[in-house]
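Okay, structure-v9.cif now, which holds mmCIF, C-alpha atoms and all ligand atoms:
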```cif
data_query
loop_
_atom_site.label_atom_id
_atom_site.label_comp_id
_atom_site.auth_asym_id
_atom_site.auth_seq_id
_atom_site.Cartn_x
_atom_site.Cartn_y
_atom_site.Cartn_z
CA MET A 1 149.57 -10.56 173.67
CA ASN A 2 149.81 -11.34 169.96
CA LYS A 3 153.29 -10.09 168.96
CA LEU A 4 152.50 -9.08 165.38
CA LEU A 5 149.32 -7.20 166.19
CA SER A 6 149.54 -4.72 169.01
CA SER A 7 146.69 -2.24 168.87
CA THR A 8 143.28 -2.89 170.44
CA LYS A 9 141.71 -2.27 167.05
CA GLU A 10 143.93 -4.80 165.26
CA LEU A 11 143.47 -7.43 167.94
CA SER A 12 139.69 -6.92 168.02
CA ASP A 13 139.48 -7.27 164.27
CA LYS A 14 141.46 -10.49 164.48
CA TYR A 15 139.61 -12.15 167.35
CA ILE A 16 136.05 -10.77 167.36
CA MET A 17 133.46 -11.77 164.77
CA ASN A 18 132.94 -9.24 162.06
CA THR A 19 129.38 -8.11 162.90
CA TYR A 20 129.94 -4.43 163.72
CA LYS A 21 130.94 -1.64 161.39
CA ARG A 22 133.10 0.06 164.00
CA LEU A 23 134.41 3.60 164.08
CA PRO A 24 138.17 3.92 164.69
CA LEU A 25 137.89 4.86 168.34
CA VAL A 26 139.02 2.81 171.34
CA ILE A 27 137.23 3.93 174.48
CA GLU A 28 139.27 3.78 177.65
CA LYS A 29 137.31 5.60 180.34
CA GLY A 30 134.38 7.90 181.05
CA GLU A 31 133.88 10.88 183.34
CA GLY A 32 130.54 12.64 183.72
CA VAL A 33 129.25 13.07 180.18
CA TYR A 34 132.65 12.63 178.54
CA LEU A 35 134.46 9.60 177.13
CA PHE A 36 138.23 9.35 176.67
CA ASP A 37 140.08 7.23 174.13
CA GLU A 38 143.35 5.35 174.60
CA ASP A 39 145.32 8.41 173.50
CA GLY A 40 143.64 10.62 176.09
CA ASN A 41 141.39 12.44 173.59
CA LYS A 42 138.15 13.70 175.16
CA PHE A 43 134.69 13.32 173.60
CA LEU A 44 131.37 14.81 174.63
CA ASP A 45 129.15 11.74 174.51
CA PHE A 46 125.78 12.30 172.82
CA VAL A 47 125.51 8.58 172.05
CA ALA A 48 125.57 7.22 175.62
CA GLY A 49 126.02 3.64 174.46
CA ILE A 50 122.98 4.24 172.21
CA ALA A 51 120.54 5.64 174.74
CA VAL A 52 121.88 3.48 177.57
CA ASN A 53 124.18 5.37 179.97
CA CYS A 54 121.50 7.63 181.38
CA LEU A 55 123.48 8.66 184.48
CA GLY A 56 126.66 9.18 182.50
CA TYR A 57 129.98 7.95 183.87
CA GLY A 58 131.15 7.84 187.47
CA ASN A 59 127.79 8.40 189.22
CA LYS A 60 128.71 7.87 192.88
CA LYS A 61 125.40 6.35 194.01
CA PHE A 62 125.47 3.90 191.11
CA ILE A 63 129.05 2.81 191.78
CA GLU A 64 128.38 2.50 195.51
CA ALA A 65 125.20 0.43 195.03
CA VAL A 66 126.70 -1.94 192.47
CA SER A 67 129.94 -2.34 194.45
CA SER A 68 128.03 -3.06 197.67
CA GLN A 69 125.95 -5.68 195.91
CA LEU A 70 129.13 -7.30 194.58
CA GLU A 71 130.39 -7.52 198.16
CA LEU A 72 127.16 -9.25 199.23
CA PHE A 73 126.73 -11.74 196.38
CA ASN A 74 127.06 -11.58 192.61
CA HIS A 75 124.38 -13.94 191.38
CA CYS A 76 121.81 -16.45 192.44
CA SER A 77 119.43 -18.61 190.46
CA ASN A 78 115.87 -17.53 189.87
CA ILE A 79 114.78 -20.65 191.74
CA TYR A 80 115.45 -18.44 194.81
CA TYR A 81 114.19 -14.96 195.67
CA ASN A 82 116.51 -11.96 195.87
CA LYS A 83 115.70 -8.56 197.33
CA PRO A 84 117.27 -6.29 194.69
CA GLN A 85 115.06 -7.97 192.07
CA THR A 86 111.94 -7.66 194.21
CA ASP A 87 112.73 -3.99 194.93
CA VAL A 88 113.08 -3.11 191.24
CA ALA A 89 109.94 -5.06 190.34
CA GLU A 90 108.00 -3.14 192.99
CA ILE A 91 109.27 0.24 191.77
CA LEU A 92 108.46 -0.59 188.12
CA VAL A 93 104.98 -1.91 188.87
CA GLU A 94 104.03 0.83 191.35
CA ASN A 95 105.09 3.53 188.88
CA SER A 96 103.42 2.11 185.77
CA CYS A 97 100.12 0.74 184.54
CA PHE A 98 101.42 -2.85 184.67
CA ASP A 99 100.93 -5.61 187.23
CA LYS A 100 103.88 -7.91 186.70
CA VAL A 101 107.42 -7.91 185.32
CA PHE A 102 109.69 -10.55 183.77
CA PHE A 103 113.41 -9.75 183.89
CA CYS A 104 115.86 -10.66 181.16
CA ASN A 105 119.14 -9.25 179.85
CA SER A 106 118.55 -7.24 176.69
CA GLY A 107 116.01 -5.52 174.50
CA ALA A 108 115.72 -8.42 172.08
CA GLU A 109 115.07 -10.80 174.97
CA SER A 110 112.32 -8.55 176.27
CA ILE A 111 110.74 -8.71 172.80
CA GLU A 112 111.05 -12.52 172.76
CA ALA A 113 109.31 -12.66 176.13
CA ALA A 114 106.53 -10.42 174.80
CA LEU A 115 106.10 -12.47 171.61
CA LYS A 116 105.79 -15.66 173.67
CA LEU A 117 103.31 -14.09 176.07
CA CYS A 118 101.19 -12.78 173.18
CA ARG A 119 101.08 -16.23 171.57
CA LYS A 120 100.18 -17.86 174.90
CA PHE A 121 97.36 -15.33 175.26
CA GLY A 122 96.10 -15.84 171.69
CA ASN A 123 96.36 -19.61 171.57
CA SER A 124 94.54 -19.91 174.89
CA LYS A 125 91.59 -18.04 173.35
CA LYS A 126 91.49 -20.06 170.17
CA GLU A 127 94.01 -22.41 168.60
CA GLY A 128 95.68 -20.59 165.71
CA CYS A 129 95.11 -17.13 167.17
CA ASN A 130 98.82 -16.37 166.96
CA GLU A 131 99.28 -13.67 164.34
CA ILE A 132 101.20 -10.59 165.38
CA ILE A 133 101.18 -7.27 163.55
CA THR A 134 104.31 -5.14 163.74
CA MET A 135 105.28 -1.98 161.85
CA LYS A 136 107.31 -1.38 158.73
CA ASN A 137 110.55 0.50 159.44
CA SER A 138 110.54 -0.76 163.05
CA PHE A 139 113.47 -2.18 164.97
CA HIS A 140 113.07 -4.77 167.73
CA GLY A 141 116.43 -6.53 168.02
CA ARG A 142 118.51 -9.31 166.55
CA THR A 143 117.23 -12.64 167.86
CA LEU A 144 115.21 -14.59 165.29
CA GLY A 145 111.88 -13.60 166.82
CA ALA A 146 112.85 -9.96 167.27
CA ILE A 147 114.35 -9.73 163.79
CA THR A 148 111.15 -11.18 162.34
CA ALA A 149 109.20 -8.54 164.23
CA THR A 150 111.55 -5.90 162.82
CA GLY A 151 109.86 -4.55 159.70
CA GLN A 152 113.01 -3.97 157.68
CA GLU A 153 114.13 -6.53 155.09
CA LYS A 154 117.77 -5.44 155.21
CA TYR A 155 118.12 -7.02 158.68
CA GLN A 156 116.37 -10.24 157.64
CA LYS A 157 118.35 -11.13 154.54
CA GLY A 158 119.67 -14.71 154.51
CA LEU A 159 117.90 -15.72 157.72
CA ASP A 160 114.95 -17.63 156.26
CA PRO A 161 112.82 -19.17 157.50
CA LEU A 162 111.74 -16.37 159.81
CA LEU A 163 109.06 -16.75 162.49
CA PRO A 164 105.67 -17.44 160.87
CA ASN A 165 102.56 -15.32 161.26
CA ILE A 166 104.12 -11.90 161.71
CA PHE A 167 102.72 -9.21 159.42
CA TYR A 168 103.80 -5.62 158.83
CA GLY A 169 101.56 -2.56 158.84
CA GLU A 170 102.43 1.03 158.08
CA TYR A 171 103.39 3.15 161.08
CA ASN A 172 100.97 6.04 161.64
CA ASN A 173 98.52 4.53 159.13
CA LEU A 174 95.48 3.07 160.86
CA GLU A 175 93.88 1.72 157.70
CA SER A 176 96.92 -0.42 156.94
CA ILE A 177 96.71 -1.96 160.42
CA LYS A 178 92.98 -2.52 160.14
CA ALA A 179 93.52 -4.37 156.86
CA LEU A 180 95.79 -6.90 158.60
CA ILE A 181 93.53 -7.67 161.55
CA ASN A 182 91.54 -10.90 161.53
CA GLU A 183 90.26 -13.44 164.06
CA ASN A 184 93.77 -14.90 164.37
CA THR A 185 95.45 -11.65 165.39
CA CYS A 186 96.65 -11.84 168.99
CA ALA A 187 98.82 -8.72 169.26
CA ILE A 188 100.06 -5.48 167.75
CA LEU A 189 103.67 -4.51 168.52
CA MET A 190 105.16 -1.08 167.90
CA GLU A 191 107.62 1.50 169.11
CA VAL A 192 106.23 4.74 170.52
CA ILE A 193 108.99 6.55 168.67
CA GLN A 194 110.72 4.52 165.97
CA GLY A 195 114.35 4.85 167.04
CA GLU A 196 116.66 2.97 164.71
CA GLY A 197 114.21 3.66 161.89
CA GLY A 198 114.98 7.38 162.06
CA VAL A 199 113.50 8.90 165.26
CA ILE A 200 109.93 8.94 164.00
CA PRO A 201 107.33 9.65 166.70
CA ALA A 202 103.90 7.99 166.57
CA ASP A 203 100.95 10.33 166.01
CA LYS A 204 98.83 10.61 169.16
CA GLU A 205 95.68 9.90 167.20
CA PHE A 206 97.24 6.79 165.66
CA LEU A 207 98.16 5.35 169.07
CA GLU A 208 94.70 6.13 170.45
CA GLN A 209 92.99 4.50 167.49
CA VAL A 210 95.20 1.41 167.63
CA ARG A 211 94.37 1.14 171.34
CA THR A 212 90.66 1.23 170.50
CA LEU A 213 91.15 -1.30 167.72
CA CYS A 214 92.89 -3.66 170.16
CA ASP A 215 90.11 -3.27 172.73
CA GLU A 216 87.39 -3.91 170.18
CA ASN A 217 89.10 -7.05 168.87
CA ASP A 218 90.56 -8.44 172.14
CA ILE A 219 94.09 -7.96 170.84
CA LEU A 220 97.09 -7.17 173.04
CA LEU A 221 98.87 -3.88 172.45
CA VAL A 222 102.63 -4.11 173.00
CA PHE A 223 104.90 -1.08 173.13
CA ASP A 224 108.59 -1.62 172.52
CA GLU A 225 110.05 1.02 174.83
CA VAL A 226 113.52 -0.45 174.84
CA GLN A 227 114.86 2.90 173.60
CA THR A 228 112.10 5.33 174.64
CA GLY A 229 111.58 3.99 178.18
CA ILE A 230 113.27 4.86 181.49
CA GLY A 231 113.14 8.63 181.26
CA ARG A 232 114.49 9.11 177.74
CA THR A 233 111.46 11.13 176.55
CA GLY A 234 110.98 13.12 179.76
CA LYS A 235 108.53 10.66 181.34
CA LEU A 236 109.43 7.33 182.96
CA PHE A 237 107.71 5.64 179.99
CA ALA A 238 107.04 7.28 176.61
CA TYR A 239 103.42 6.06 176.58
CA GLU A 240 102.73 8.57 179.38
CA ASN A 241 103.30 11.40 176.88
CA TYR A 242 100.39 10.06 174.84
CA ASN A 243 98.04 8.89 177.58
CA VAL A 244 97.72 5.56 175.80
CA GLU A 245 98.42 2.49 177.92
CA PRO A 246 99.71 -0.68 176.29
CA ASP A 247 99.02 -4.13 177.74
CA ILE A 248 102.68 -5.10 177.53
CA ILE A 249 105.88 -3.05 177.49
CA CYS A 250 109.45 -4.02 176.60
CA LEU A 251 112.33 -2.28 178.37
CA ALA A 252 116.13 -2.52 178.42
CA LYS A 253 118.84 0.01 177.44
CA GLY A 254 118.76 2.73 180.14
CA LEU A 255 117.28 0.57 182.89
CA ALA A 256 120.58 -0.25 184.63
CA ASN A 257 122.82 2.51 183.22
CA GLY A 258 124.86 0.08 181.13
CA ILE A 259 124.68 -3.13 183.13
CA PRO A 260 122.95 -5.62 180.80
CA VAL A 261 119.28 -5.90 181.70
CA GLY A 262 115.88 -6.18 180.07
CA ALA A 263 112.33 -6.29 181.33
CA MET A 264 108.95 -7.21 179.90
CA MET A 265 106.01 -5.89 181.89
CA ALA A 266 102.37 -6.78 181.44
CA LYS A 267 98.93 -6.10 182.79
CA GLU A 268 97.39 -9.03 184.60
CA LYS A 269 95.09 -9.83 181.67
CA ALA A 270 98.22 -10.89 179.75
CA ALA A 271 100.66 -11.71 182.56
CA LYS A 272 98.42 -14.50 183.86
CA TYR A 273 99.20 -16.61 180.77
CA PHE A 274 102.76 -17.26 181.99
CA SER A 275 103.05 -20.12 184.50
CA PRO A 276 106.18 -21.67 186.05
CA GLY A 277 108.27 -23.23 183.30
CA ASP A 278 106.82 -21.11 180.47
CA HIS A 279 109.75 -18.72 180.36
CA ALA A 280 113.05 -18.23 182.16
CA SER A 281 116.48 -16.64 182.08
CA THR A 282 119.55 -17.68 184.07
CA PHE A 283 120.78 -14.09 184.40
CA GLY A 284 117.42 -12.31 184.25
CA GLY A 285 116.99 -10.02 187.25
CA ASN A 286 120.58 -10.66 188.35
CA PRO A 287 121.21 -8.77 191.63
CA ILE A 288 124.10 -6.72 190.23
CA ALA A 289 121.96 -5.45 187.33
CA MET A 290 119.08 -4.89 189.74
CA SER A 291 121.20 -2.88 192.18
CA GLY A 292 122.13 -0.60 189.24
CA ALA A 293 118.53 -0.42 188.03
CA LYS A 294 117.35 0.58 191.50
CA VAL A 295 119.65 3.61 191.50
CA VAL A 296 118.52 4.62 187.99
CA LEU A 297 114.85 4.34 188.94
CA ASP A 298 115.38 6.19 192.25
CA GLU A 299 117.12 9.02 190.37
CA ILE A 300 114.29 9.19 187.84
CA ILE A 301 111.40 8.91 190.23
CA ASN A 302 112.63 10.79 193.29
CA GLN A 303 115.08 13.27 191.85
CA LYS A 304 114.76 16.00 189.26
CA LEU A 305 116.04 13.92 186.38
CA LEU A 306 112.83 13.90 184.33
CA GLN A 307 112.54 17.66 184.67
CA ASN A 308 116.11 17.94 183.41
CA VAL A 309 115.33 15.69 180.43
CA ARG A 310 112.35 17.86 179.48
CA GLN A 311 114.09 21.21 180.00
CA VAL A 312 117.42 20.34 178.44
CA GLY A 313 115.71 18.27 175.72
CA ASP A 314 113.49 21.21 174.74
CA TYR A 315 116.52 23.48 174.76
CA LEU A 316 118.51 21.12 172.52
CA LYS A 317 115.56 20.76 170.15
CA ALA A 318 115.16 24.55 169.93
CA GLU A 319 118.88 24.99 169.24
CA LEU A 320 118.78 22.32 166.53
CA LYS A 321 115.77 24.03 164.97
CA VAL A 322 117.79 27.24 164.80
CA LEU A 323 120.44 25.30 162.88
CA LYS A 324 117.73 23.98 160.55
CA ILE A 325 116.87 27.56 159.65
CA LYS A 326 120.54 28.48 159.22
CA TYR A 327 121.42 25.40 157.15
CA PRO A 328 118.27 24.52 155.16
CA ASP A 329 120.33 22.77 152.48
CA ILE A 330 121.60 20.24 155.01
CA ILE A 331 118.93 19.92 157.74
CA GLN A 332 115.47 18.84 156.59
CA ASP A 333 113.78 18.16 159.90
CA VAL A 334 114.32 18.15 163.66
CA ARG A 335 112.08 15.83 165.66
CA GLY A 336 111.72 13.65 168.74
CA LEU A 337 110.91 14.00 172.41
CA GLY A 338 112.99 14.75 175.50
CA LEU A 339 116.53 13.58 174.94
CA MET A 340 115.73 11.35 172.00
CA LEU A 341 116.10 13.72 169.09
CA GLY A 342 116.75 13.20 165.41
CA VAL A 343 118.08 15.57 162.76
CA GLU A 344 117.08 14.51 159.26
CA CYS A 345 119.73 15.45 156.71
CA SER A 346 119.71 15.88 152.97
CA ILE A 347 123.27 14.58 152.81
CA SER A 348 124.74 11.37 154.23
CA PRO A 349 124.96 11.74 158.02
CA SER A 350 128.13 9.64 158.20
CA GLU A 351 130.34 12.54 157.05
CA ILE A 352 128.81 14.86 159.65
CA ILE A 353 129.13 12.23 162.39
CA SER A 354 132.75 11.53 161.53
CA GLU A 355 133.65 15.26 161.43
CA CYS A 356 131.92 15.77 164.79
CA GLN A 357 133.97 12.92 166.23
CA LYS A 358 137.16 14.55 164.97
CA ASN A 359 136.02 17.68 166.82
CA GLY A 360 135.27 15.89 170.09
CA LEU A 361 131.53 15.16 169.83
CA LEU A 362 130.05 11.66 169.55
CA LEU A 363 126.78 11.28 167.61
CA ILE A 364 125.11 8.30 165.95
CA GLY A 365 122.98 7.73 162.85
CA ALA A 366 119.45 6.33 162.58
CA GLY A 367 117.60 5.23 159.45
CA HIS A 368 119.49 6.23 156.32
CA ASN A 369 119.56 10.01 156.70
CA VAL A 370 119.08 10.90 160.37
CA ILE A 371 121.56 11.89 163.08
CA ARG A 372 120.47 10.85 166.54
CA PHE A 373 121.05 12.82 169.73
CA VAL A 374 120.64 10.46 172.70
CA PRO A 375 122.99 11.81 175.41
CA PRO A 376 123.07 10.83 179.09
CA LEU A 377 119.92 12.14 180.80
CA VAL A 378 122.09 14.15 183.20
CA ILE A 379 123.48 16.55 180.59
CA SER A 380 123.24 20.29 181.27
CA LYS A 381 122.44 23.25 179.03
CA ALA A 382 126.18 24.02 178.98
CA ASP A 383 126.81 20.53 177.56
CA VAL A 384 124.17 21.22 174.89
CA ASP A 385 125.86 24.52 174.04
CA GLU A 386 129.16 22.69 173.59
CA ALA A 387 127.58 19.99 171.41
CA VAL A 388 125.63 22.45 169.27
CA SER A 389 128.69 24.62 168.74
CA VAL A 390 130.71 21.62 167.45
CA PHE A 391 127.76 20.48 165.34
CA GLU A 392 127.40 23.93 163.79
CA LYS A 393 131.14 24.20 163.13
CA VAL A 394 130.91 20.94 161.16
CA LEU A 395 127.77 22.06 159.30
CA MET A 396 129.51 25.32 158.37
CA LYS A 397 132.50 23.42 157.00
CA ILE A 398 130.32 21.04 154.97
CA ASN A 399 128.07 23.85 153.75
CA LYS A 400 130.98 25.71 152.12
C1 LIG B 1 113.31 -0.19 170.03
C2 LIG B 1 114.32 -1.26 170.23
N1 LIG B 1 113.92 -2.50 170.52
C3 LIG B 1 114.79 -3.51 170.73
C4 LIG B 1 116.15 -3.29 170.61
C5 LIG B 1 117.11 -4.42 170.84
O1 LIG B 1 117.78 -4.25 172.04
P1 LIG B 1 119.11 -5.09 172.36
O2 LIG B 1 120.17 -4.60 171.44
O3 LIG B 1 119.38 -4.78 173.81
O4 LIG B 1 118.78 -6.52 172.15
C6 LIG B 1 116.62 -2.01 170.31
C7 LIG B 1 118.05 -1.76 170.17
O5 LIG B 1 118.49 -0.79 169.63
C8 LIG B 1 115.68 -0.97 170.11
O6 LIG B 1 116.07 0.27 169.81
#
```

Output the file's structure as structure tokens, nothing else.
Ligand SMILES: Cc1ncc(COP(=O)(O)O)c(C=O)c1O
Amino acid sequence: MNKLLSSTKELSDKYIMNTYKRLPLVIEKGEGVYLFDEDGNKFLDFVAGIAVNCLGYGNKKFIEAVSSQLELFNHCSNIYYNKPQTDVAEILVENSCFDKVFFCNSGAESIEAALKLCRKFGNSKKEGCNEIITMKNSFHGRTLGAITATGQEKYQKGLDPLLPNIFYGEYNNLESIKALINENTCAILMEVIQGEGGVIPADKEFLEQVRTLCDENDILLVFDEVQTGIGRTGKLFAYENYNVEPDIICLAKGLANGIPVGAMMAKEKAAKYFSPGDHASTFGGNPIAMSGAKVVLDEIINQKLLQNVRQVGDYLKAELKVLKIKYPDIIQDVRGLGLMLGVECSISPSEIISECQKNGLLLIGAGHNVIRFVPPLVISKADVDEAVSVFEKVLMKINK
């Protein structure tokens, strides 16, 4: 250990690149829906690794499945088959509108896979049919392709040249999308609920009309469900809430309860444009990640987890709406679906978030004025009561 610097924070700041604006909290362990820091302080976790740890901490089935897989074998190349990967692919395909899946390791990678597949599709129709429309205020990840797709300049500064032929329409504004479509458009990419952008749900009508627009113009519709997918909104996939099927979906975050994983799924009309050698990932579909994903999907599909997300999510939303009435000078709006909720504030959320942390509740911001509630999907009404009581205590203090 470095003798001059002793704390985890100091050592991290010395040795790890300065890309994260971190909060002064060193996490040591988790239990249920709680995290503990190095000093033994306990936090109710409504961040869940940013909508990742859907089963919380210490889920026995998850630990057992991942440990057993580690005993069997930790990794094999994708030049061979492995059963955990096949099992998860089968569950995902049989419970969705898609025909095939490609496994990778993160949300951004699932976006890259989708961008490549869309260009393969477009260019096979007509050379130069490679334009992709994405949305302003979106977030799709940090690789160069994903950051180009992200319709927010603040993330793109200093990275020129970005990927060519990506254009930005207005979310929930059909006319602005229509204006960008031409014979070279191969795909439209969007989130079903803009997460990082401030928990902004798509209008049902907008999604339906974009679907029609894509059908009329032979354009692929891609939903980035990296944050909304895998039960977060009370359905396995958020598109099910809208009855609008995309051609391609991007998944990651909650899929393996914190083991790095990503997936890009597609209907056959798109999937058939990938042939051996077109795309690959050394770790994609790794058996350890897949053994974790299988437990998550089993819990979601066979257990009562989705029902819990809907019931507890509705309860949390109702409680937050009560606070909106009580504190109209601070809370402007409460929105979202299931356990992906946002509270829009008229003051900077960072003060509220930091006060909540001091009082044992972890929350995270989104956009410039929204506080996000994305807890583990297993939380109970009692956990919500605890969170809301801390949140209100902080609002009361700030409101004075
Ligand atoms: C909607 C969406 N897409 C893509 C990403 C990127 O995922 P990752 O950080 O796993 O690359 C995120 C991450 O927050 C996201 O919210």

Write as an NGL selection string the residues around ligand LIG 1 (chain B), taking 7 Å as the cut-off and counting only C-alpha atoms and all ligand atoms.
:A and (106-109 or 111 or 139-142 or 191 or 194-196 or 224-227 or 252-253)

Keeping only C-alpha atoms, write those residues as a short mmCIF file (atom, residue, chain, number, x, y, z; two decimals), keeping the file's coordinate frame.
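Here's the written file result-v1.cif:
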```cif
data_model
loop_
_atom_site.label_atom_id
_atom_site.label_comp_id
_atom_site.auth_asym_id
_atom_site.auth_seq_id
_atom_site.Cartn_x
_atom_site.Cartn_y
_atom_site.Cartn_z
CA SER A 106 118.55 -7.24 176.69
CA GLY A 107 116.01 -5.52 174.50
CA ALA A 108 115.72 -8.42 172.08
CA GLU A 109 115.07 -10.80 174.97
CA ILE A 111 110.74 -8.71 172.80
CA PHE A 139 113.47 -2.18 164.97
CA HIS A 140 113.07 -4.77 167.73
CA GLY A 141 116.43 -6.53 168.02
CA ARG A 142 118.51 -9.31 166.55
CA GLU A 191 107.62 1.50 169.11
CA GLN A 194 110.72 4.52 165.97
CA GLY A 195 114.35 4.85 167.04
CA GLU A 196 116.66 2.97 164.71
CA ASP A 224 108.59 -1.62 172.52
CA GLU A 225 110.05 1.02 174.83
CA VAL A 226 113.52 -0.45 174.84
CA GLN A 227 114.86 2.90 173.60
CA ALA A 252 116.13 -2.52 178.42
CA LYS A 253 118.84 0.01 177.44
#
```

Find, counting all atoms listed in the file, the residue in A:Gly313, A:Gly229, A:Gly277, A:Gly40 that gets nearest to Lys381 in chain A.
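Closest residue, counting all atoms listed in the file: A:Gly313.
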
Gap from CA of Val33 in chain A to CA of Pro376 in chain A - Å, one decimal:
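According to the coordinates, CA of Val33 in chain A and CA of Pro376 in chain A are separated by 6.7 Å.
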
With all atoms listed in the file as the counted atoms, please give the residues lying no more than 7 Å from Asn53 in chain A, apart from itself and same-chain residues fewer than 4 positions off, as an MDAnalysis selection string.
chainID A and resid 48:49 254 257:258 376

Skipping near chain neighbours, those fewer than 4 positions away, what residues fall within 9 Å of range 91-96 of chain A using all atoms listed in the file, listed as an NGL selection string?
:A and (86-87 or 100-101 or 236-237 or 265 or 294 or 297-298 or 301)

Between CA of Phe167 in chain A and CA of Met135 in chain A, what distance in Å does the model show, to one decimal?
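Between CA of Phe167 in chain A and CA of Met135 in chain A the gap is 8.0 Å.
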
Across A:Phe391, A:Leu189, A:Leu339, A:Asn369, the smallest distance to Gln311 in chain A, with all atoms listed in the file counted, is shown by A:Leu339

Which value, in Å to one decimal, gives the distance between CA of Lys267 in chain A and CA of Glu240 in chain A?
15.5 Å

With a cut-off of 9 Å, could you pull out the residues of range 100-154 of chain A touching range 199-223 of chain A and give me the nearest pair of atoms for each, distance in Å to one decimal, using only C-alpha atoms, ordered by chain and ascending number, as CSV?
```
residue,atom,partner,partner_atom,distance
A:Ala114,CA,A:Val222,CA,7.6
A:Cys118,CA,A:Leu220,CA,6.9
A:Phe121,CA,A:Leu220,CA,8.5
A:Gly122,CA,A:Ile219,CA,8.2
```

Compute the distance from (97.2, -20.1, 176.6) to each atom, counting only C-alpha atoms, keep the residues with any atom at most 12 Å away, and return them as a VMD selection string; use the coordinates of the file.
chain A and resid 116 to 130 186 269 to 275 278

Output of the above residues as a short mmCIF file (atom, residue, chain, number, x, y, z; two decimals), keeping the file's coordinate frame, restricted to C-alpha atoms:
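Result saved to selection05.cif:
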```
data_model
loop_
_atom_site.label_atom_id
_atom_site.label_comp_id
_atom_site.auth_asym_id
_atom_site.auth_seq_id
_atom_site.Cartn_x
_atom_site.Cartn_y
_atom_site.Cartn_z
CA LYS A 116 105.79 -15.66 173.67
CA LEU A 117 103.31 -14.09 176.07
CA CYS A 118 101.19 -12.78 173.18
CA ARG A 119 101.08 -16.23 171.57
CA LYS A 120 100.18 -17.86 174.90
CA PHE A 121 97.36 -15.33 175.26
CA GLY A 122 96.10 -15.84 171.69
CA ASN A 123 96.36 -19.61 171.57
CA SER A 124 94.54 -19.91 174.89
CA LYS A 125 91.59 -18.04 173.35
CA LYS A 126 91.49 -20.06 170.17
CA GLU A 127 94.01 -22.41 168.60
CA GLY A 128 95.68 -20.59 165.71
CA CYS A 129 95.11 -17.13 167.17
CA ASN A 130 98.82 -16.37 166.96
CA CYS A 186 96.65 -11.84 168.99
CA LYS A 269 95.09 -9.83 181.67
CA ALA A 270 98.22 -10.89 179.75
CA ALA A 271 100.66 -11.71 182.56
CA LYS A 272 98.42 -14.50 183.86
CA TYR A 273 99.20 -16.61 180.77
CA PHE A 274 102.76 -17.26 181.99
CA SER A 275 103.05 -20.12 184.50
CA ASP A 278 106.82 -21.11 180.47
#
```

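Among A:Ile379, A:Ile166, A:Val66, A:Ile133, the residue with the shortest atom-to-atom distance to Ile288 in chain A, counting all atoms listed in the file, is A:Val66.
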
Can you build me a table of range 8-53 of chain A residues sitting at most 12 Å from range 352-357 of chain A, with the closest atom pair per residue and its distance in Å to one decimal, using all atoms listed in the file, sorted by chain and residue number, as JSON lines?
```
{"residue": "A:Arg22", "atom": "CA", "partner": "A:Ser354", "partner_atom": "CA", "distance": 11.7}
{"residue": "A:Leu23", "atom": "CA", "partner": "A:Ser354", "partner_atom": "CA", "distance": 8.5}
{"residue": "A:Pro24", "atom": "CA", "partner": "A:Ser354", "partner_atom": "CA", "distance": 9.9}
{"residue": "A:Leu25", "atom": "CA", "partner": "A:Gln357", "partner_atom": "CA", "distance": 9.2}
{"residue": "A:Leu35", "atom": "CA", "partner": "A:Gln357", "partner_atom": "CA", "distance": 11.4}
{"residue": "A:Phe36", "atom": "CA", "partner": "A:Gln357", "partner_atom": "CA", "distance": 11.8}
{"residue": "A:Asp37", "atom": "CA", "partner": "A:Gln357", "partner_atom": "CA", "distance": 11.5}
{"residue": "A:Asn41", "atom": "CA", "partner": "A:Gln357", "partner_atom": "CA", "distance": 10.5}
{"residue": "A:Lys42", "atom": "CA", "partner": "A:Gln357", "partner_atom": "CA", "distance": 9.9}
{"residue": "A:Phe43", "atom": "CA", "partner": "A:Gln357", "partner_atom": "CA", "distance": 7.4}
{"residue": "A:Leu44", "atom": "CA", "partner": "A:Gln357", "partner_atom": "CA", "distance": 9.0}
{"residue": "A:Asp45", "atom": "CA", "partner": "A:Gln357", "partner_atom": "CA", "distance": 9.7}
{"residue": "A:Phe46", "atom": "CA", "partner": "A:Gln357", "partner_atom": "CA", "distance": 10.5}
{"residue": "A:Val47", "atom": "CA", "partner": "A:Ile353", "partner_atom": "CA", "distance": 10.9}
```

Save range 86-91 of chain A to disk from that block, N, CA and C atoms included, as a CSV table (one decimal), in the first residue's frame.
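Wrote result_14.csv, looks like this:
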```csv
chain,number,residue,atom,x,y,z
A,86,THR,N,-26.8,-20.3,-24.3
A,86,THR,CA,-28.0,-20.8,-25.1
A,86,THR,C,-29.2,-20.7,-24.3
A,87,ASP,N,-29.2,-21.1,-23.0
A,87,ASP,CA,-30.4,-21.0,-22.1
A,87,ASP,C,-30.9,-19.6,-22.1
A,88,VAL,N,-30.0,-18.6,-21.9
A,88,VAL,CA,-30.4,-17.2,-21.8
A,88,VAL,C,-31.0,-16.7,-23.1
A,89,ALA,N,-30.3,-17.1,-24.2
A,89,ALA,CA,-30.8,-16.7,-25.5
A,89,ALA,C,-32.2,-17.2,-25.7
A,90,GLU,N,-32.5,-18.5,-25.3
A,90,GLU,CA,-33.8,-19.1,-25.5
A,90,GLU,C,-34.8,-18.3,-24.7
A,91,ILE,N,-34.5,-18.0,-23.4
A,91,ILE,CA,-35.5,-17.3,-22.6
A,91,ILE,C,-35.8,-15.9,-23.2
```
